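Working notes for the structure below.
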Amino acid sequence: MYFSIDQIGKDHIECENDDGEIYYFKIKDAPQNIREGDILKYDKNGKIIKDEYKTKKMKEKIKIVFNKLSK
């Protein structure tokens, strides 16, 4: 399951999963240097990690859509 970061608060992160459900994670349980729009997932040990590949692909997809809308 993947989670897209919607908001980063002082002590929690609000994310949305693939089905549009909202999840909250504690900042202390999340990887460092995360930003809104990044994609998170659980690794095989149950630790929350940033999925660099999915984050890159999602940002590329958003850029393409934005460019189409601005024409």
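Numbering starts fresh at 1 for the residues of each chain in the structure tokens, the chains themselves are lettered A, B, ... in the order given, and ligands are numbered from 1 as they appear.
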Within 7 Å of Glu16 in chain A using only C-alpha atoms, minus same-chain residues under 3 positions, as a PDB file with all heavy atoms, in the first residue's frame:
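Output file selection.pdb is given in full below:
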ATOM      1  N   PHE A   3       1.175   5.604   0.242  1.00  0.00           N
ATOM      2  CA  PHE A   3       0.559   6.761   0.872  1.00  0.00           C
ATOM      3  C   PHE A   3       1.175   8.033   0.300  1.00  0.00           C
ATOM      4  O   PHE A   3       2.390   8.172   0.281  1.00  0.00           O
ATOM      5  CB  PHE A   3       0.810   6.742   2.383  1.00  0.00           C
ATOM      6  CG  PHE A   3       0.370   5.483   3.056  1.00  0.00           C
ATOM      7  CD1 PHE A   3       1.248   4.436   3.245  1.00  0.00           C
ATOM      8  CD2 PHE A   3      -0.938   5.344   3.502  1.00  0.00           C
ATOM      9  CE1 PHE A   3       0.842   3.265   3.866  1.00  0.00           C
ATOM     10  CE2 PHE A   3      -1.347   4.169   4.114  1.00  0.00           C
ATOM     11  CZ  PHE A   3      -0.458   3.136   4.302  1.00  0.00           C
ATOM     12  N   SER A   4       0.337   8.937  -0.153  1.00  0.00           N
ATOM     13  CA  SER A   4       0.797  10.227  -0.643  1.00  0.00           C
ATOM     14  C   SER A   4       0.661  11.246   0.490  1.00  0.00           C
ATOM     15  O   SER A   4      -0.403  11.359   1.099  1.00  0.00           O
ATOM     16  CB  SER A   4      -0.065  10.656  -1.833  1.00  0.00           C
ATOM     17  OG  SER A   4       0.263  11.963  -2.232  1.00  0.00           O
ATOM     18  N   ILE A   5       1.726  11.981   0.770  1.00  0.00           N
ATOM     19  CA  ILE A   5       1.695  12.951   1.861  1.00  0.00           C
ATOM     20  C   ILE A   5       0.900  14.177   1.424  1.00  0.00           C
ATOM     21  O   ILE A   5       1.257  14.855   0.460  1.00  0.00           O
ATOM     22  CB  ILE A   5       3.115  13.373   2.276  1.00  0.00           C
ATOM     23  CG1 ILE A   5       3.905  12.168   2.764  1.00  0.00           C
ATOM     24  CG2 ILE A   5       3.054  14.462   3.355  1.00  0.00           C
ATOM     25  CD1 ILE A   5       5.361  12.470   3.093  1.00  0.00           C
ATOM     26  N   ASP A   6      -0.192  14.447   2.148  1.00  0.00           N
ATOM     27  CA  ASP A   6      -1.011  15.634   1.883  1.00  0.00           C
ATOM     28  C   ASP A   6      -0.554  16.822   2.717  1.00  0.00           C
ATOM     29  O   ASP A   6      -0.463  17.934   2.210  1.00  0.00           O
ATOM     30  CB  ASP A   6      -2.485  15.350   2.179  1.00  0.00           C
ATOM     31  CG  ASP A   6      -3.110  14.400   1.171  1.00  0.00           C
ATOM     32  OD1 ASP A   6      -2.613  14.316   0.033  1.00  0.00           O
ATOM     33  OD2 ASP A   6      -4.098  13.737   1.518  1.00  0.00           O
ATOM     34  N   GLY A  20      -7.975   6.516  -1.576  1.00  0.00           N
ATOM     35  CA  GLY A  20      -8.482   7.809  -1.144  1.00  0.00           C
ATOM     36  C   GLY A  20      -8.766   7.888   0.347  1.00  0.00           C
ATOM     37  O   GLY A  20      -9.314   8.883   0.812  1.00  0.00           O
ATOM     38  N   GLU A  21      -8.378   6.867   1.102  1.00  0.00           N
ATOM     39  CA  GLU A  21      -8.582   6.881   2.553  1.00  0.00           C
ATOM     40  C   GLU A  21      -7.468   7.683   3.210  1.00  0.00           C
ATOM     41  O   GLU A  21      -6.326   7.650   2.767  1.00  0.00           O
ATOM     42  CB  GLU A  21      -8.590   5.459   3.103  1.00  0.00           C
ATOM     43  CG  GLU A  21      -9.701   4.605   2.530  1.00  0.00           C
ATOM     44  CD  GLU A  21      -9.568   3.140   2.903  1.00  0.00           C
ATOM     45  OE1 GLU A  21      -8.433   2.623   2.912  1.00  0.00           O
ATOM     46  OE2 GLU A  21     -10.601   2.529   3.168  1.00  0.00           O
ATOM     47  N   ILE A  22      -7.816   8.409   4.275  1.00  0.00           N
ATOM     48  CA  ILE A  22      -6.858   9.255   4.983  1.00  0.00           C
ATOM     49  C   ILE A  22      -6.217   8.478   6.126  1.00  0.00           C
ATOM     50  O   ILE A  22      -6.895   7.785   6.878  1.00  0.00           O
ATOM     51  CB  ILE A  22      -7.552  10.520   5.535  1.00  0.00           C
ATOM     52  CG1 ILE A  22      -8.237  11.297   4.407  1.00  0.00           C
ATOM     53  CG2 ILE A  22      -6.564  11.408   6.290  1.00  0.00           C
ATOM     54  CD1 ILE A  22      -7.305  11.816   3.332  1.00  0.00           C
ATOM     55  N   TYR A  23      -4.908   8.612   6.239  1.00  0.00           N
ATOM     56  CA  TYR A  23      -4.132   7.985   7.305  1.00  0.00           C
ATOM     57  C   TYR A  23      -3.262   9.045   7.967  1.00  0.00           C
ATOM     58  O   TYR A  23      -2.840  10.005   7.315  1.00  0.00           O
ATOM     59  CB  TYR A  23      -3.212   6.882   6.748  1.00  0.00           C
ATOM     60  CG  TYR A  23      -3.932   5.628   6.375  1.00  0.00           C
ATOM     61  CD1 TYR A  23      -4.636   5.525   5.184  1.00  0.00           C
ATOM     62  CD2 TYR A  23      -3.907   4.527   7.214  1.00  0.00           C
ATOM     63  CE1 TYR A  23      -5.300   4.361   4.840  1.00  0.00           C
ATOM     64  CE2 TYR A  23      -4.572   3.352   6.867  1.00  0.00           C
ATOM     65  CZ  TYR A  23      -5.261   3.285   5.686  1.00  0.00           C
ATOM     66  OH  TYR A  23      -5.930   2.136   5.347  1.00  0.00           O
TER      67      TYR A  23
END
Please extract the residues of chain A with a backbone DSSP assignment of strand (DSSP E or B) and present them as a PDB file with N, CA and C atoms, in the first residue's frame.
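Output saved as states13.pdb:
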ATOM      1  N   TYR A   2       0.506   2.213  -0.774  1.00  0.00           N
ATOM      2  CA  TYR A   2       1.263   3.453  -0.878  1.00  0.00           C
ATOM      3  C   TYR A   2       0.464   4.595  -0.266  1.00  0.00           C
ATOM      4  N   PHE A   3       1.175   5.604   0.242  1.00  0.00           N
ATOM      5  CA  PHE A   3       0.559   6.761   0.872  1.00  0.00           C
ATOM      6  C   PHE A   3       1.175   8.033   0.300  1.00  0.00           C
ATOM      7  N   SER A   4       0.337   8.937  -0.153  1.00  0.00           N
ATOM      8  CA  SER A   4       0.797  10.227  -0.643  1.00  0.00           C
ATOM      9  C   SER A   4       0.661  11.246   0.490  1.00  0.00           C
ATOM     10  N   ILE A   5       1.726  11.981   0.770  1.00  0.00           N
ATOM     11  CA  ILE A   5       1.695  12.951   1.861  1.00  0.00           C
ATOM     12  C   ILE A   5       0.900  14.177   1.424  1.00  0.00           C
ATOM     13  N   ASP A   6      -0.192  14.447   2.148  1.00  0.00           N
ATOM     14  CA  ASP A   6      -1.011  15.634   1.883  1.00  0.00           C
ATOM     15  C   ASP A   6      -0.554  16.822   2.717  1.00  0.00           C
ATOM     16  N   GLN A   7      -0.321  16.595   4.007  1.00  0.00           N
ATOM     17  CA  GLN A   7       0.088  17.672   4.908  1.00  0.00           C
ATOM     18  C   GLN A   7       1.073  17.146   5.936  1.00  0.00           C
ATOM     19  N   ILE A   8       1.997  18.021   6.311  1.00  0.00           N
ATOM     20  CA  ILE A   8       2.943  17.685   7.373  1.00  0.00           C
ATOM     21  C   ILE A   8       2.709  18.671   8.507  1.00  0.00           C
ATOM     22  N   HIS A  12       2.521  15.124  13.295  1.00  0.00           N
ATOM     23  CA  HIS A  12       1.919  14.059  12.486  1.00  0.00           C
ATOM     24  C   HIS A  12       1.973  14.399  10.996  1.00  0.00           C
ATOM     25  N   ILE A  13       1.750  13.382  10.207  1.00  0.00           N
ATOM     26  CA  ILE A  13       1.687  13.505   8.755  1.00  0.00           C
ATOM     27  C   ILE A  13       0.319  13.002   8.322  1.00  0.00           C
ATOM     28  N   GLU A  14      -0.359  13.756   7.495  1.00  0.00           N
ATOM     29  CA  GLU A  14      -1.634  13.316   6.929  1.00  0.00           C
ATOM     30  C   GLU A  14      -1.372  12.803   5.519  1.00  0.00           C
ATOM     31  N   CYS A  15      -1.779  11.567   5.280  1.00  0.00           N
ATOM     32  CA  CYS A  15      -1.540  10.928   3.986  1.00  0.00           C
ATOM     33  C   CYS A  15      -2.844  10.371   3.425  1.00  0.00           C
ATOM     34  N   GLU A  16      -2.819  10.118   2.137  1.00  0.00           N
ATOM     35  CA  GLU A  16      -3.949   9.486   1.464  1.00  0.00           C
ATOM     36  C   GLU A  16      -3.432   8.227   0.779  1.00  0.00           C
ATOM     37  N   ASN A  17      -4.173   7.123   0.930  1.00  0.00           N
ATOM     38  CA  ASN A  17      -3.724   5.884   0.293  1.00  0.00           C
ATOM     39  C   ASN A  17      -4.272   5.778  -1.125  1.00  0.00           C
ATOM     40  N   ILE A  22      -7.816   8.409   4.275  1.00  0.00           N
ATOM     41  CA  ILE A  22      -6.858   9.255   4.983  1.00  0.00           C
ATOM     42  C   ILE A  22      -6.217   8.478   6.126  1.00  0.00           C
ATOM     43  N   TYR A  23      -4.908   8.612   6.239  1.00  0.00           N
ATOM     44  CA  TYR A  23      -4.132   7.985   7.305  1.00  0.00           C
ATOM     45  C   TYR A  23      -3.262   9.045   7.967  1.00  0.00           C
ATOM     46  N   TYR A  24      -3.006   8.853   9.243  1.00  0.00           N
ATOM     47  CA  TYR A  24      -2.127   9.743   9.992  1.00  0.00           C
ATOM     48  C   TYR A  24      -0.964   8.934  10.557  1.00  0.00           C
ATOM     49  N   PHE A  25       0.228   9.475  10.408  1.00  0.00           N
ATOM     50  CA  PHE A  25       1.428   8.855  10.950  1.00  0.00           C
ATOM     51  C   PHE A  25       2.139   9.863  11.832  1.00  0.00           C
ATOM     52  N   LYS A  26       2.814   9.379  12.849  1.00  0.00           N
ATOM     53  CA  LYS A  26       3.608  10.248  13.706  1.00  0.00           C
ATOM     54  C   LYS A  26       4.878  10.650  12.960  1.00  0.00           C
ATOM     55  N   ILE A  39       5.750  10.038  -1.760  1.00  0.00           N
ATOM     56  CA  ILE A  39       5.044   8.771  -1.628  1.00  0.00           C
ATOM     57  C   ILE A  39       5.764   7.910  -0.587  1.00  0.00           C
ATOM     58  N   LEU A  40       4.992   7.413   0.374  1.00  0.00           N
ATOM     59  CA  LEU A  40       5.515   6.550   1.421  1.00  0.00           C
ATOM     60  C   LEU A  40       4.950   5.150   1.272  1.00  0.00           C
ATOM     61  N   LYS A  41       5.645   4.188   1.857  1.00  0.00           N
ATOM     62  CA  LYS A  41       5.162   2.817   1.891  1.00  0.00           C
ATOM     63  C   LYS A  41       5.795   2.121   3.089  1.00  0.00           C
ATOM     64  N   TYR A  42       5.306   0.937   3.399  1.00  0.00           N
ATOM     65  CA  TYR A  42       5.913   0.104   4.430  1.00  0.00           C
ATOM     66  C   TYR A  42       6.950  -0.788   3.775  1.00  0.00           C
ATOM     67  N   ILE A  48       8.049   2.626   7.910  1.00  0.00           N
ATOM     68  CA  ILE A  48       7.602   3.557   6.871  1.00  0.00           C
ATOM     69  C   ILE A  48       8.829   4.138   6.184  1.00  0.00           C
ATOM     70  N   ILE A  49       8.856   4.020   4.854  1.00  0.00           N
ATOM     71  CA  ILE A  49       9.973   4.561   4.079  1.00  0.00           C
ATOM     72  C   ILE A  49       9.432   5.381   2.910  1.00  0.00           C
ATOM     73  N   LYS A  50      10.276   6.260   2.389  1.00  0.00           N
ATOM     74  CA  LYS A  50       9.920   7.026   1.202  1.00  0.00           C
ATOM     75  C   LYS A  50      10.220   6.172  -0.022  1.00  0.00           C
TER      76      LYS A  50
END
| field | Nearest to Lys28 in chain A by atom-to-atom distance, counting only C-alpha atoms, from A:Lys61, A:Lys54, A:Lys68, A:Lys10 | value | A:Lys10
